[in-house]
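Asks: File follows, input.csv with CSV, N, CA and C atoms:
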```csv
chain,number,residue,atom,x,y,z
A,712,MET,N,0.8,-1.2,0.0
A,712,MET,CA,0.0,0.0,0.0
A,712,MET,C,0.9,1.2,0.0
A,713,ASN,N,0.5,2.3,-0.7
A,713,ASN,CA,1.2,3.5,-0.8
A,713,ASN,C,1.3,4.2,0.6
A,714,LYS,N,2.3,4.9,0.8
A,714,LYS,CA,2.5,5.7,2.0
A,714,LYS,C,2.2,7.2,1.6
A,715,THR,N,1.2,7.8,2.1
A,715,THR,CA,0.8,9.2,1.6
A,715,THR,C,0.8,10.1,2.8
A,716,LEU,N,1.3,11.3,2.6
A,716,LEU,CA,1.3,12.3,3.7
A,716,LEU,C,1.2,13.7,3.2
A,717,LEU,N,0.9,14.6,4.1
A,717,LEU,CA,0.8,16.0,3.9
A,717,LEU,C,1.8,16.6,4.9
A,718,ALA,N,2.8,17.4,4.5
A,718,ALA,CA,3.7,18.1,5.4
A,718,ALA,C,3.3,19.6,5.3
A,719,GLU,N,3.2,20.2,6.4
A,719,GLU,CA,2.8,21.6,6.5
A,719,GLU,C,3.7,22.5,7.3
A,720,PHE,N,4.0,23.7,6.9
A,720,PHE,CA,4.8,24.6,7.6
A,720,PHE,C,4.6,26.0,7.1
A,721,THR,N,5.0,27.0,7.8
A,721,THR,CA,4.8,28.4,7.4
A,721,THR,C,6.2,29.1,7.4
A,722,ALA,N,6.6,29.7,6.3
A,722,ALA,CA,7.8,30.4,6.3
A,722,ALA,C,7.7,31.7,7.2
A,723,ARG,N,8.8,32.0,7.8
A,723,ARG,CA,8.8,33.2,8.6
A,723,ARG,C,8.8,34.4,7.7
A,724,GLU,N,8.3,35.5,8.2
A,724,GLU,CA,8.2,36.8,7.5
A,724,GLU,C,9.6,37.1,7.0
A,725,GLY,N,9.7,37.4,5.7
A,725,GLY,CA,11.0,37.7,5.0
A,725,GLY,C,11.8,36.5,4.6
A,726,ALA,N,11.4,35.3,4.9
A,726,ALA,CA,12.2,34.1,4.5
A,726,ALA,C,11.5,33.3,3.4
A,727,ALA,N,10.5,33.8,2.8
A,727,ALA,CA,9.7,33.0,1.8
A,727,ALA,C,10.6,32.7,0.6
A,728,ASP,N,11.4,33.6,0.1
A,728,ASP,CA,12.2,33.4,-1.1
A,728,ASP,C,13.3,32.3,-0.8
A,729,GLU,N,13.9,32.3,0.4
A,729,GLU,CA,14.9,31.3,0.7
A,729,GLU,C,14.2,29.9,0.9
A,730,VAL,N,13.1,29.9,1.5
A,730,VAL,CA,12.3,28.6,1.7
A,730,VAL,C,12.0,28.1,0.3
A,731,ALA,N,11.5,28.9,-0.6
A,731,ALA,CA,11.1,28.5,-1.9
A,731,ALA,C,12.3,27.9,-2.7
A,732,HIS,N,13.5,28.5,-2.5
A,732,HIS,CA,14.7,28.0,-3.2
A,732,HIS,C,15.1,26.6,-2.6
A,733,LEU,N,15.1,26.5,-1.3
A,733,LEU,CA,15.4,25.2,-0.6
A,733,LEU,C,14.4,24.1,-1.1
A,734,LEU,N,13.2,24.5,-1.2
A,734,LEU,CA,12.2,23.5,-1.6
A,734,LEU,C,12.3,23.1,-3.0
A,735,ARG,N,12.6,24.0,-3.9
A,735,ARG,CA,12.8,23.6,-5.3
A,735,ARG,C,14.0,22.6,-5.4
A,736,GLU,N,15.1,22.8,-4.7
A,736,GLU,CA,16.2,21.9,-4.8
A,736,GLU,C,15.9,20.6,-4.2
A,737,TYR,N,15.2,20.6,-3.0
A,737,TYR,CA,14.9,19.4,-2.3
A,737,TYR,C,13.9,18.6,-3.1
A,738,ALA,N,12.9,19.2,-3.7
A,738,ALA,CA,11.8,18.5,-4.5
A,738,ALA,C,12.5,17.8,-5.7
A,739,ARG,N,13.4,18.5,-6.3
A,739,ARG,CA,14.1,17.9,-7.5
A,739,ARG,C,14.8,16.6,-7.1
A,740,LYS,N,15.4,16.5,-5.9
A,740,LYS,CA,16.1,15.3,-5.4
A,740,LYS,C,15.0,14.2,-5.1
A,741,VAL,N,14.0,14.6,-4.3
A,741,VAL,CA,13.0,13.7,-3.8
A,741,VAL,C,12.3,13.0,-5.0
A,742,ARG,N,12.0,13.8,-6.0
A,742,ARG,CA,11.2,13.3,-7.2
A,742,ARG,C,12.1,12.2,-7.9
A,743,LYS,N,13.4,12.2,-7.7
A,743,LYS,CA,14.2,11.2,-8.4
A,743,LYS,C,14.3,9.9,-7.6
A,744,GLU,N,13.8,9.9,-6.4
A,744,GLU,CA,13.9,8.7,-5.6
A,744,GLU,C,13.0,7.6,-6.2
A,745,VAL,N,13.6,6.4,-6.3
A,745,VAL,CA,12.9,5.3,-6.9
A,745,VAL,C,11.5,5.0,-6.4
A,746,GLY,N,11.3,5.1,-5.1
A,746,GLY,CA,10.0,4.8,-4.5
A,746,GLY,C,9.1,6.0,-4.4
A,747,ASN,N,9.5,7.2,-4.9
A,747,ASN,CA,8.6,8.4,-4.8
A,747,ASN,C,7.7,8.4,-5.9
A,748,LEU,N,6.4,8.6,-5.7
A,748,LEU,CA,5.4,8.6,-6.7
A,748,LEU,C,4.9,10.1,-6.9
A,749,THR,N,4.9,10.9,-5.8
A,749,THR,CA,4.5,12.3,-5.9
A,749,THR,C,5.1,13.1,-4.9
A,750,PHE,N,5.6,14.3,-5.2
A,750,PHE,CA,6.1,15.2,-4.3
A,750,PHE,C,5.7,16.6,-4.8
A,751,GLU,N,4.6,17.1,-4.4
A,751,GLU,CA,4.0,18.3,-5.0
A,751,GLU,C,4.0,19.4,-3.9
A,752,VAL,N,4.5,20.5,-4.2
A,752,VAL,CA,4.6,21.7,-3.2
A,752,VAL,C,3.5,22.7,-3.6
A,753,TYR,N,2.8,23.1,-2.6
A,753,TYR,CA,1.7,24.1,-2.7
A,753,TYR,C,1.9,25.2,-1.7
A,754,THR,N,1.3,26.3,-2.0
A,754,THR,CA,1.2,27.4,-1.0
A,754,THR,C,-0.3,27.7,-0.9
A,755,LYS,N,-0.8,28.1,0.2
A,755,LYS,CA,-2.2,28.5,0.4
A,755,LYS,C,-2.4,29.7,-0.5
A,756,ALA,N,-3.6,29.7,-1.1
A,756,ALA,CA,-4.0,30.9,-2.0
A,756,ALA,C,-4.1,32.1,-1.1
A,757,SER,N,-4.5,32.0,0.2
A,757,SER,CA,-4.7,33.1,1.0
A,757,SER,C,-3.5,33.5,1.8
A,758,ASP,N,-2.4,32.7,1.7
A,758,ASP,CA,-1.2,33.0,2.5
A,758,ASP,C,0.0,32.3,1.8
A,759,SER,N,0.8,33.0,1.0
A,759,SER,CA,1.8,32.4,0.2
A,759,SER,C,3.0,31.9,1.1
A,760,ARG,N,3.0,32.3,2.4
A,760,ARG,CA,4.1,31.8,3.3
A,760,ARG,C,3.7,30.4,3.8
A,761,ALA,N,2.4,30.0,3.7
A,761,ALA,CA,2.0,28.7,4.2
A,761,ALA,C,2.1,27.6,3.2
A,762,TYR,N,3.0,26.6,3.4
A,762,TYR,CA,3.3,25.6,2.5
A,762,TYR,C,2.6,24.3,2.9
A,763,TRP,N,2.2,23.6,1.9
A,763,TRP,CA,1.6,22.2,2.0
A,763,TRP,C,2.3,21.4,1.0
A,764,ILE,N,2.9,20.3,1.4
A,764,ILE,CA,3.6,19.4,0.5
A,764,ILE,C,2.9,18.0,0.5
A,765,PHE,N,2.4,17.6,-0.6
A,765,PHE,CA,1.7,16.4,-0.7
A,765,PHE,C,2.7,15.3,-1.3
A,766,GLU,N,2.9,14.2,-0.5
A,766,GLU,CA,3.9,13.2,-0.8
A,766,GLU,C,3.3,11.9,-0.9
A,767,VAL,N,3.7,11.1,-1.9
A,767,VAL,CA,3.2,9.7,-2.0
A,767,VAL,C,4.4,8.9,-2.3
A,768,TYR,N,4.6,7.8,-1.5
A,768,TYR,CA,5.7,6.8,-1.7
A,768,TYR,C,5.1,5.5,-2.0
A,769,GLN,N,5.8,4.7,-2.8
A,769,GLN,CA,5.4,3.4,-3.2
A,769,GLN,C,4.9,2.5,-2.1
A,770,ASP,N,5.6,2.6,-1.0
A,770,ASP,CA,5.3,1.7,0.2
A,770,ASP,C,6.1,2.2,1.4
A,771,GLU,N,5.9,1.6,2.5
A,771,GLU,CA,6.6,2.0,3.7
A,771,GLU,C,8.1,1.9,3.6
A,772,ALA,N,8.6,0.9,2.9
A,772,ALA,CA,10.1,0.8,2.6
A,772,ALA,C,10.6,2.0,1.9
A,773,ALA,N,9.9,2.5,0.9
A,773,ALA,CA,10.3,3.6,0.1
A,773,ALA,C,10.3,4.9,0.9
A,774,PHE,N,9.3,5.0,1.8
A,774,PHE,CA,9.2,6.2,2.7
A,774,PHE,C,10.4,6.1,3.7
A,775,GLN,N,10.7,5.0,4.2
A,775,GLN,CA,11.8,4.9,5.1
A,775,GLN,C,13.1,5.2,4.4
A,776,TRP,N,13.3,4.8,3.2
A,776,TRP,CA,14.5,5.2,2.4
A,776,TRP,C,14.5,6.7,2.3
A,777,HIS,N,13.4,7.3,2.0
A,777,HIS,CA,13.3,8.8,1.9
A,777,HIS,C,13.8,9.4,3.2
A,778,LEU,N,13.3,8.9,4.3
A,778,LEU,CA,13.7,9.5,5.6
A,778,LEU,C,15.2,9.4,5.8
A,779,ARG,N,15.9,8.4,5.3
A,779,ARG,CA,17.3,8.2,5.5
A,779,ARG,C,18.2,8.8,4.3
A,780,ALA,N,17.5,9.4,3.3
A,780,ALA,CA,18.3,10.0,2.2
A,780,ALA,C,19.3,11.0,2.7
A,781,PRO,N,20.5,11.0,2.1
A,781,PRO,CA,21.5,11.8,2.6
A,781,PRO,C,21.3,13.3,2.5
A,782,TYR,N,20.3,13.8,1.7
A,782,TYR,CA,20.0,15.2,1.6
A,782,TYR,C,18.9,15.7,2.5
A,783,GLY,N,18.3,14.7,3.2
A,783,GLY,CA,17.1,15.1,4.0
A,783,GLY,C,17.5,15.9,5.3
A,784,ALA,N,18.5,15.4,6.0
A,784,ALA,CA,18.9,16.1,7.2
A,784,ALA,C,19.5,17.5,6.9
A,785,PRO,N,20.3,17.7,5.9
A,785,PRO,CA,20.8,19.0,5.6
A,785,PRO,C,19.6,20.0,5.2
A,786,PHE,N,18.6,19.4,4.5
A,786,PHE,CA,17.5,20.2,4.1
A,786,PHE,C,16.7,20.7,5.4
A,787,ASN,N,16.4,19.7,6.3
A,787,ASN,CA,15.7,20.1,7.5
A,787,ASN,C,16.5,21.0,8.4
A,788,THR,N,17.8,20.9,8.5
A,788,THR,CA,18.6,21.8,9.3
A,788,THR,C,18.5,23.2,8.7
A,789,ALA,N,18.6,23.3,7.4
A,789,ALA,CA,18.5,24.6,6.7
A,789,ALA,C,17.1,25.3,6.8
A,790,LEU,N,16.1,24.4,6.8
A,790,LEU,CA,14.7,24.9,6.8
A,790,LEU,C,14.3,25.4,8.2
A,791,ALA,N,14.8,24.7,9.3
A,791,ALA,CA,14.3,24.9,10.6
A,791,ALA,C,14.3,26.4,11.1
A,792,PRO,N,15.4,27.2,10.9
A,792,PRO,CA,15.3,28.6,11.3
A,792,PRO,C,14.5,29.5,10.4
A,793,LEU,N,14.0,29.0,9.3
A,793,LEU,CA,13.3,29.8,8.3
A,793,LEU,C,11.8,29.6,8.4
A,794,ILE,N,11.3,28.7,9.3
A,794,ILE,CA,9.9,28.5,9.5
A,794,ILE,C,9.4,28.8,10.9
A,795,GLU,N,8.1,29.1,11.0
A,795,GLU,CA,7.5,29.5,12.3
A,795,GLU,C,7.4,28.3,13.2
A,796,GLU,N,7.2,27.1,12.7
A,796,GLU,CA,7.0,25.9,13.6
A,796,GLU,C,8.3,25.4,14.0
A,797,ASP,N,8.4,24.5,15.0
A,797,ASP,CA,9.6,23.8,15.3
A,797,ASP,C,10.0,22.8,14.2
A,798,ALA,N,9.1,22.3,13.5
A,798,ALA,CA,9.4,21.3,12.4
A,798,ALA,C,8.1,21.3,11.6
A,799,SER,N,8.2,20.6,10.4
A,799,SER,CA,7.0,20.4,9.6
A,799,SER,C,6.0,19.6,10.4
A,800,ARG,N,4.7,19.9,10.2
A,800,ARG,CA,3.7,19.1,10.8
A,800,ARG,C,3.3,18.0,9.7
A,801,LEU,N,3.4,16.8,10.1
A,801,LEU,CA,3.1,15.7,9.2
A,801,LEU,C,1.7,15.1,9.5
A,802,THR,N,0.9,14.9,8.5
A,802,THR,CA,-0.4,14.2,8.6
A,802,THR,C,-0.3,13.1,7.6
A,803,PHE,N,-0.4,11.8,8.1
A,803,PHE,CA,-0.4,10.7,7.3
A,803,PHE,C,-1.9,10.4,6.8
A,804,LEU,N,-2.0,10.0,5.6
A,804,LEU,CA,-3.4,9.9,5.0
A,804,LEU,C,-3.6,8.5,4.5
A,805,ASP,N,-4.8,8.0,4.6
A,805,ASP,CA,-5.2,6.7,4.1
A,805,ASP,C,-6.3,7.0,3.0
A,806,PRO,N,-6.3,6.1,2.0
A,806,PRO,CA,-7.4,6.3,1.0
A,806,PRO,C,-8.8,5.9,1.6
A,807,MET,N,-9.8,6.6,1.1
A,807,MET,CA,-11.1,6.2,1.5
A,807,MET,C,-11.5,4.9,0.8
A,808,THR,N,-12.0,4.0,1.5
A,808,THR,CA,-12.3,2.7,0.9
A,808,THR,C,-13.9,2.6,0.8
A,809,SER,N,-14.3,1.7,0.0
A,809,SER,CA,-15.8,1.6,-0.2
A,809,SER,C,-16.4,1.2,1.2
A,810,GLY,N,-17.5,1.7,1.4
A,810,GLY,CA,-18.2,1.5,2.7
A,810,GLY,C,-17.9,2.5,3.7
A,811,HIS,N,-16.9,3.4,3.5
A,811,HIS,CA,-16.6,4.5,4.4
A,811,HIS,C,-16.9,5.8,3.8
A,812,GLY,N,-17.1,6.8,4.6
A,812,GLY,CA,-17.3,8.2,4.1
A,812,GLY,C,-18.8,8.4,3.7
A,813,PRO,N,-19.0,9.5,3.0
A,813,PRO,CA,-20.4,9.9,2.7
A,813,PRO,C,-21.0,8.9,1.7
A,814,ALA,N,-22.3,8.8,1.8
A,814,ALA,CA,-23.0,7.9,0.9
A,814,ALA,C,-23.1,8.6,-0.5
A,815,GLY,N,-23.1,7.8,-1.5
A,815,GLY,CA,-23.2,8.3,-2.9
A,815,GLY,C,-24.6,8.8,-3.2
A,816,PRO,N,-24.9,9.3,-4.3
A,816,PRO,CA,-26.2,9.8,-4.7
A,816,PRO,C,-27.2,8.7,-4.8
```
Could you quickly redo this structure as structure tokens?
Replies:
Amino acid sequence: MNKTLLAEFTAREGAADEVAHLLREYARKVRKEVGNLTFEVYTKASDSRAYWIFEVYQDEAAFQWHLRAPYGAPFNTALAPLIEEDASRLTFLDPMTSGHGPAGP
């Protein structure tokens, strides 16, 4: 089963350009990972400093490889002083399966 998550953080005032540069470089590397299926970076329409990153990995093993990738720790170290939170907030997602959620028409 795919491993899917949403990472969220907010760039500090005045740090948005530096955060965007770091994310462009990081995304380029992550998208080349064998087990990465999606790594899409978004900003909120109402607040361009608020980032949402939608990530999908082939499976748990691919996600664990991602966590150990040699460029991950340097990215997080560089990002930490540039964001308002202590770290990215991660929300793990599961697909809605039949029988769950709102009823159809």
Asks: Residues of chain A in strand (DSSP E or B) according to DSSP, as an mmCIF file with N, CA and C atoms, keeping the file's coordinate frame?
Replies:
```
data_model
loop_
_atom_site.group_PDB
_atom_site.id
_atom_site.type_symbol
_atom_site.label_atom_id
_atom_site.label_comp_id
_atom_site.auth_asym_id
_atom_site.auth_seq_id
_atom_site.Cartn_x
_atom_site.Cartn_y
_atom_site.Cartn_z
ATOM 1 N N LYS A 714 2.300 4.900 0.800
ATOM 2 C CA LYS A 714 2.500 5.700 2.000
ATOM 3 C C LYS A 714 2.200 7.200 1.600
ATOM 4 N N THR A 715 1.200 7.800 2.100
ATOM 5 C CA THR A 715 0.800 9.200 1.600
ATOM 6 C C THR A 715 0.800 10.100 2.800
ATOM 7 N N LEU A 716 1.300 11.300 2.600
ATOM 8 C CA LEU A 716 1.300 12.300 3.700
ATOM 9 C C LEU A 716 1.200 13.700 3.200
ATOM 10 N N LEU A 717 0.900 14.600 4.100
ATOM 11 C CA LEU A 717 0.800 16.000 3.900
ATOM 12 C C LEU A 717 1.800 16.600 4.900
ATOM 13 N N ALA A 718 2.800 17.400 4.500
ATOM 14 C CA ALA A 718 3.700 18.100 5.400
ATOM 15 C C ALA A 718 3.300 19.600 5.300
ATOM 16 N N GLU A 719 3.200 20.200 6.400
ATOM 17 C CA GLU A 719 2.800 21.600 6.500
ATOM 18 C C GLU A 719 3.700 22.500 7.300
ATOM 19 N N PHE A 720 4.000 23.700 6.900
ATOM 20 C CA PHE A 720 4.800 24.600 7.600
ATOM 21 C C PHE A 720 4.600 26.000 7.100
ATOM 22 N N THR A 721 5.000 27.000 7.800
ATOM 23 C CA THR A 721 4.800 28.400 7.400
ATOM 24 C C THR A 721 6.200 29.100 7.400
ATOM 25 N N ALA A 722 6.600 29.700 6.300
ATOM 26 C CA ALA A 722 7.800 30.400 6.300
ATOM 27 C C ALA A 722 7.700 31.700 7.200
ATOM 28 N N ASN A 747 9.500 7.200 -4.900
ATOM 29 C CA ASN A 747 8.600 8.400 -4.800
ATOM 30 C C ASN A 747 7.700 8.400 -5.900
ATOM 31 N N LEU A 748 6.400 8.600 -5.700
ATOM 32 C CA LEU A 748 5.400 8.600 -6.700
ATOM 33 C C LEU A 748 4.900 10.100 -6.900
ATOM 34 N N THR A 749 4.900 10.900 -5.800
ATOM 35 C CA THR A 749 4.500 12.300 -5.900
ATOM 36 C C THR A 749 5.100 13.100 -4.900
ATOM 37 N N PHE A 750 5.600 14.300 -5.200
ATOM 38 C CA PHE A 750 6.100 15.200 -4.300
ATOM 39 C C PHE A 750 5.700 16.600 -4.800
ATOM 40 N N GLU A 751 4.600 17.100 -4.400
ATOM 41 C CA GLU A 751 4.000 18.300 -5.000
ATOM 42 C C GLU A 751 4.000 19.400 -3.900
ATOM 43 N N VAL A 752 4.500 20.500 -4.200
ATOM 44 C CA VAL A 752 4.600 21.700 -3.200
ATOM 45 C C VAL A 752 3.500 22.700 -3.600
ATOM 46 N N TYR A 753 2.800 23.100 -2.600
ATOM 47 C CA TYR A 753 1.700 24.100 -2.700
ATOM 48 C C TYR A 753 1.900 25.200 -1.700
ATOM 49 N N THR A 754 1.300 26.300 -2.000
ATOM 50 C CA THR A 754 1.200 27.400 -1.000
ATOM 51 C C THR A 754 -0.300 27.700 -0.900
ATOM 52 N N LYS A 755 -0.800 28.100 0.200
ATOM 53 C CA LYS A 755 -2.200 28.500 0.400
ATOM 54 C C LYS A 755 -2.400 29.700 -0.500
ATOM 55 N N ASP A 758 -2.400 32.700 1.700
ATOM 56 C CA ASP A 758 -1.200 33.000 2.500
ATOM 57 C C ASP A 758 0.000 32.300 1.800
ATOM 58 N N SER A 759 0.800 33.000 1.000
ATOM 59 C CA SER A 759 1.800 32.400 0.200
ATOM 60 C C SER A 759 3.000 31.900 1.100
ATOM 61 N N ARG A 760 3.000 32.300 2.400
ATOM 62 C CA ARG A 760 4.100 31.800 3.300
ATOM 63 C C ARG A 760 3.700 30.400 3.800
ATOM 64 N N ALA A 761 2.400 30.000 3.700
ATOM 65 C CA ALA A 761 2.000 28.700 4.200
ATOM 66 C C ALA A 761 2.100 27.600 3.200
ATOM 67 N N TYR A 762 3.000 26.600 3.400
ATOM 68 C CA TYR A 762 3.300 25.600 2.500
ATOM 69 C C TYR A 762 2.600 24.300 2.900
ATOM 70 N N TRP A 763 2.200 23.600 1.900
ATOM 71 C CA TRP A 763 1.600 22.200 2.000
ATOM 72 C C TRP A 763 2.300 21.400 1.000
ATOM 73 N N ILE A 764 2.900 20.300 1.400
ATOM 74 C CA ILE A 764 3.600 19.400 0.500
ATOM 75 C C ILE A 764 2.900 18.000 0.500
ATOM 76 N N PHE A 765 2.400 17.600 -0.600
ATOM 77 C CA PHE A 765 1.700 16.400 -0.700
ATOM 78 C C PHE A 765 2.700 15.300 -1.300
ATOM 79 N N GLU A 766 2.900 14.200 -0.500
ATOM 80 C CA GLU A 766 3.900 13.200 -0.800
ATOM 81 C C GLU A 766 3.300 11.900 -0.900
ATOM 82 N N VAL A 767 3.700 11.100 -1.900
ATOM 83 C CA VAL A 767 3.200 9.700 -2.000
ATOM 84 C C VAL A 767 4.400 8.900 -2.300
ATOM 85 N N TYR A 768 4.600 7.800 -1.500
ATOM 86 C CA TYR A 768 5.700 6.800 -1.700
ATOM 87 C C TYR A 768 5.100 5.500 -2.000
ATOM 88 N N ILE A 794 11.300 28.700 9.300
ATOM 89 C CA ILE A 794 9.900 28.500 9.500
ATOM 90 C C ILE A 794 9.400 28.800 10.900
ATOM 91 N N ARG A 800 4.700 19.900 10.200
ATOM 92 C CA ARG A 800 3.700 19.100 10.800
ATOM 93 C C ARG A 800 3.300 18.000 9.700
ATOM 94 N N LEU A 801 3.400 16.800 10.100
ATOM 95 C CA LEU A 801 3.100 15.700 9.200
ATOM 96 C C LEU A 801 1.700 15.100 9.500
ATOM 97 N N THR A 802 0.900 14.900 8.500
ATOM 98 C CA THR A 802 -0.400 14.200 8.600
ATOM 99 C C THR A 802 -0.300 13.100 7.600
ATOM 100 N N PHE A 803 -0.400 11.800 8.100
ATOM 101 C CA PHE A 803 -0.400 10.700 7.300
ATOM 102 C C PHE A 803 -1.900 10.400 6.800
ATOM 103 N N LEU A 804 -2.000 10.000 5.600
ATOM 104 C CA LEU A 804 -3.400 9.900 5.000
ATOM 105 C C LEU A 804 -3.600 8.500 4.500
#
```
Asks: Residues within 5 Å of segment 779-796 of chain A, please, as a short mmCIF file (atom, residue, chain, number, x, y, z; two decimals) with N, CA and C atoms, keeping the file's coordinate frame. Count only N, CA and C atoms; anything in the same chain fewer than 2 positions from it doesn't count.
Replies:
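Result file is around_7.cif:
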```cif
data_model
loop_
_atom_site.label_atom_id
_atom_site.label_comp_id
_atom_site.auth_asym_id
_atom_site.auth_seq_id
_atom_site.Cartn_x
_atom_site.Cartn_y
_atom_site.Cartn_z
N THR A 721 5.00 27.00 7.80
CA THR A 721 4.80 28.40 7.40
C THR A 721 6.20 29.10 7.40
N ALA A 722 6.60 29.70 6.30
CA ALA A 722 7.80 30.40 6.30
C ALA A 722 7.70 31.70 7.20
N ARG A 723 8.80 32.00 7.80
CA ARG A 723 8.80 33.20 8.60
C ARG A 723 8.80 34.40 7.70
N GLN A 775 10.70 5.00 4.20
CA GLN A 775 11.80 4.90 5.10
C GLN A 775 13.10 5.20 4.40
N TRP A 776 13.30 4.80 3.20
CA TRP A 776 14.50 5.20 2.40
C TRP A 776 14.50 6.70 2.30
N HIS A 777 13.40 7.30 2.00
CA HIS A 777 13.30 8.80 1.90
C HIS A 777 13.80 9.40 3.20
N ALA A 798 9.10 22.30 13.50
CA ALA A 798 9.40 21.30 12.40
C ALA A 798 8.10 21.30 11.60
#
```
Asks: Could you work out how far atom N of Leu733 of chain A lies from atom CA of Leu778 of chain A, giving the answer in Å with one decimal?
Replies: 18.4 Å
Asks: Which neighbours of Leu748 of chain A fall inside 10 Å, counting only C-alpha atoms, when residues of the same chain fewer than 2 positions from it are skipped, and could you give them as a PyMOL selection string?
Replies: chain A and resi 713-715+741-746+750-751+766-770+773
Asks: When you draw a straight line from atom C of Asp728 of chain A to atom CA of Tyr762 of chain A, how long is it in Å?
Replies: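 Interatomic distance here is 12.5 Å.
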Asks: Return the single residue from A:Ser809, A:Ala731, A:Met712, A:Glu719 that is closest to Asp797 of chain A, with distances computed using only C-alpha atoms.
Replies: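 That would be A:Glu719, the residue with the smallest distance to Asp797 of chain A.
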Asks: Would you mind reading off the distance between atom CA of Tyr753 of chain A and atom CA of Glu771 of chain A, one decimal, in Å?
Replies: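 Here the two named atoms are 23.5 Å from each other.
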Asks: Considering only C-alpha atoms, can you say which of A:Ala726, A:Val752, A:Ala718, A:Met807 comes closest to Ala738 of chain A?
Replies: A:Val752
Asks: I need the residues in segment 728-803 of chain A that are alpha helix (DSSP H) according to DSSP; give them as a VMD selection string.
Replies: chain A and resid 728 to 741 771 to 779 783 to 790
Asks: If you keep N, CA and C atoms, can you produce a file of those selected residues as a tab-separated table (two decimals), keeping the file's coordinate frame?
Replies:
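What follows is the written file part-v7.tsv:
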```
chain	number	residue	atom	x	y	z
A	728	ASP	N	11.40	33.60	0.10
A	728	ASP	CA	12.20	33.40	-1.10
A	728	ASP	C	13.30	32.30	-0.80
A	729	GLU	N	13.90	32.30	0.40
A	729	GLU	CA	14.90	31.30	0.70
A	729	GLU	C	14.20	29.90	0.90
A	730	VAL	N	13.10	29.90	1.50
A	730	VAL	CA	12.30	28.60	1.70
A	730	VAL	C	12.00	28.10	0.30
A	731	ALA	N	11.50	28.90	-0.60
A	731	ALA	CA	11.10	28.50	-1.90
A	731	ALA	C	12.30	27.90	-2.70
A	732	HIS	N	13.50	28.50	-2.50
A	732	HIS	CA	14.70	28.00	-3.20
A	732	HIS	C	15.10	26.60	-2.60
A	733	LEU	N	15.10	26.50	-1.30
A	733	LEU	CA	15.40	25.20	-0.60
A	733	LEU	C	14.40	24.10	-1.10
A	734	LEU	N	13.20	24.50	-1.20
A	734	LEU	CA	12.20	23.50	-1.60
A	734	LEU	C	12.30	23.10	-3.00
A	735	ARG	N	12.60	24.00	-3.90
A	735	ARG	CA	12.80	23.60	-5.30
A	735	ARG	C	14.00	22.60	-5.40
A	736	GLU	N	15.10	22.80	-4.70
A	736	GLU	CA	16.20	21.90	-4.80
A	736	GLU	C	15.90	20.60	-4.20
A	737	TYR	N	15.20	20.60	-3.00
A	737	TYR	CA	14.90	19.40	-2.30
A	737	TYR	C	13.90	18.60	-3.10
A	738	ALA	N	12.90	19.20	-3.70
A	738	ALA	CA	11.80	18.50	-4.50
A	738	ALA	C	12.50	17.80	-5.70
A	739	ARG	N	13.40	18.50	-6.30
A	739	ARG	CA	14.10	17.90	-7.50
A	739	ARG	C	14.80	16.60	-7.10
A	740	LYS	N	15.40	16.50	-5.90
A	740	LYS	CA	16.10	15.30	-5.40
A	740	LYS	C	15.00	14.20	-5.10
A	741	VAL	N	14.00	14.60	-4.30
A	741	VAL	CA	13.00	13.70	-3.80
A	741	VAL	C	12.30	13.00	-5.00
A	771	GLU	N	5.90	1.60	2.50
A	771	GLU	CA	6.60	2.00	3.70
A	771	GLU	C	8.10	1.90	3.60
A	772	ALA	N	8.60	0.90	2.90
A	772	ALA	CA	10.10	0.80	2.60
A	772	ALA	C	10.60	2.00	1.90
A	773	ALA	N	9.90	2.50	0.90
A	773	ALA	CA	10.30	3.60	0.10
A	773	ALA	C	10.30	4.90	0.90
A	774	PHE	N	9.30	5.00	1.80
A	774	PHE	CA	9.20	6.20	2.70
A	774	PHE	C	10.40	6.10	3.70
A	775	GLN	N	10.70	5.00	4.20
A	775	GLN	CA	11.80	4.90	5.10
A	775	GLN	C	13.10	5.20	4.40
A	776	TRP	N	13.30	4.80	3.20
A	776	TRP	CA	14.50	5.20	2.40
A	776	TRP	C	14.50	6.70	2.30
A	777	HIS	N	13.40	7.30	2.00
A	777	HIS	CA	13.30	8.80	1.90
A	777	HIS	C	13.80	9.40	3.20
A	778	LEU	N	13.30	8.90	4.30
A	778	LEU	CA	13.70	9.50	5.60
A	778	LEU	C	15.20	9.40	5.80
A	779	ARG	N	15.90	8.40	5.30
A	779	ARG	CA	17.30	8.20	5.50
A	779	ARG	C	18.20	8.80	4.30
A	783	GLY	N	18.30	14.70	3.20
A	783	GLY	CA	17.10	15.10	4.00
A	783	GLY	C	17.50	15.90	5.30
A	784	ALA	N	18.50	15.40	6.00
A	784	ALA	CA	18.90	16.10	7.20
A	784	ALA	C	19.50	17.50	6.90
A	785	PRO	N	20.30	17.70	5.90
A	785	PRO	CA	20.80	19.00	5.60
A	785	PRO	C	19.60	20.00	5.20
A	786	PHE	N	18.60	19.40	4.50
A	786	PHE	CA	17.50	20.20	4.10
A	786	PHE	C	16.70	20.70	5.40
A	787	ASN	N	16.40	19.70	6.30
A	787	ASN	CA	15.70	20.10	7.50
A	787	ASN	C	16.50	21.00	8.40
A	788	THR	N	17.80	20.90	8.50
A	788	THR	CA	18.60	21.80	9.30
A	788	THR	C	18.50	23.20	8.70
A	789	ALA	N	18.60	23.30	7.40
A	789	ALA	CA	18.50	24.60	6.70
A	789	ALA	C	17.10	25.30	6.80
A	790	LEU	N	16.10	24.40	6.80
A	790	LEU	CA	14.70	24.90	6.80
A	790	LEU	C	14.30	25.40	8.20
```
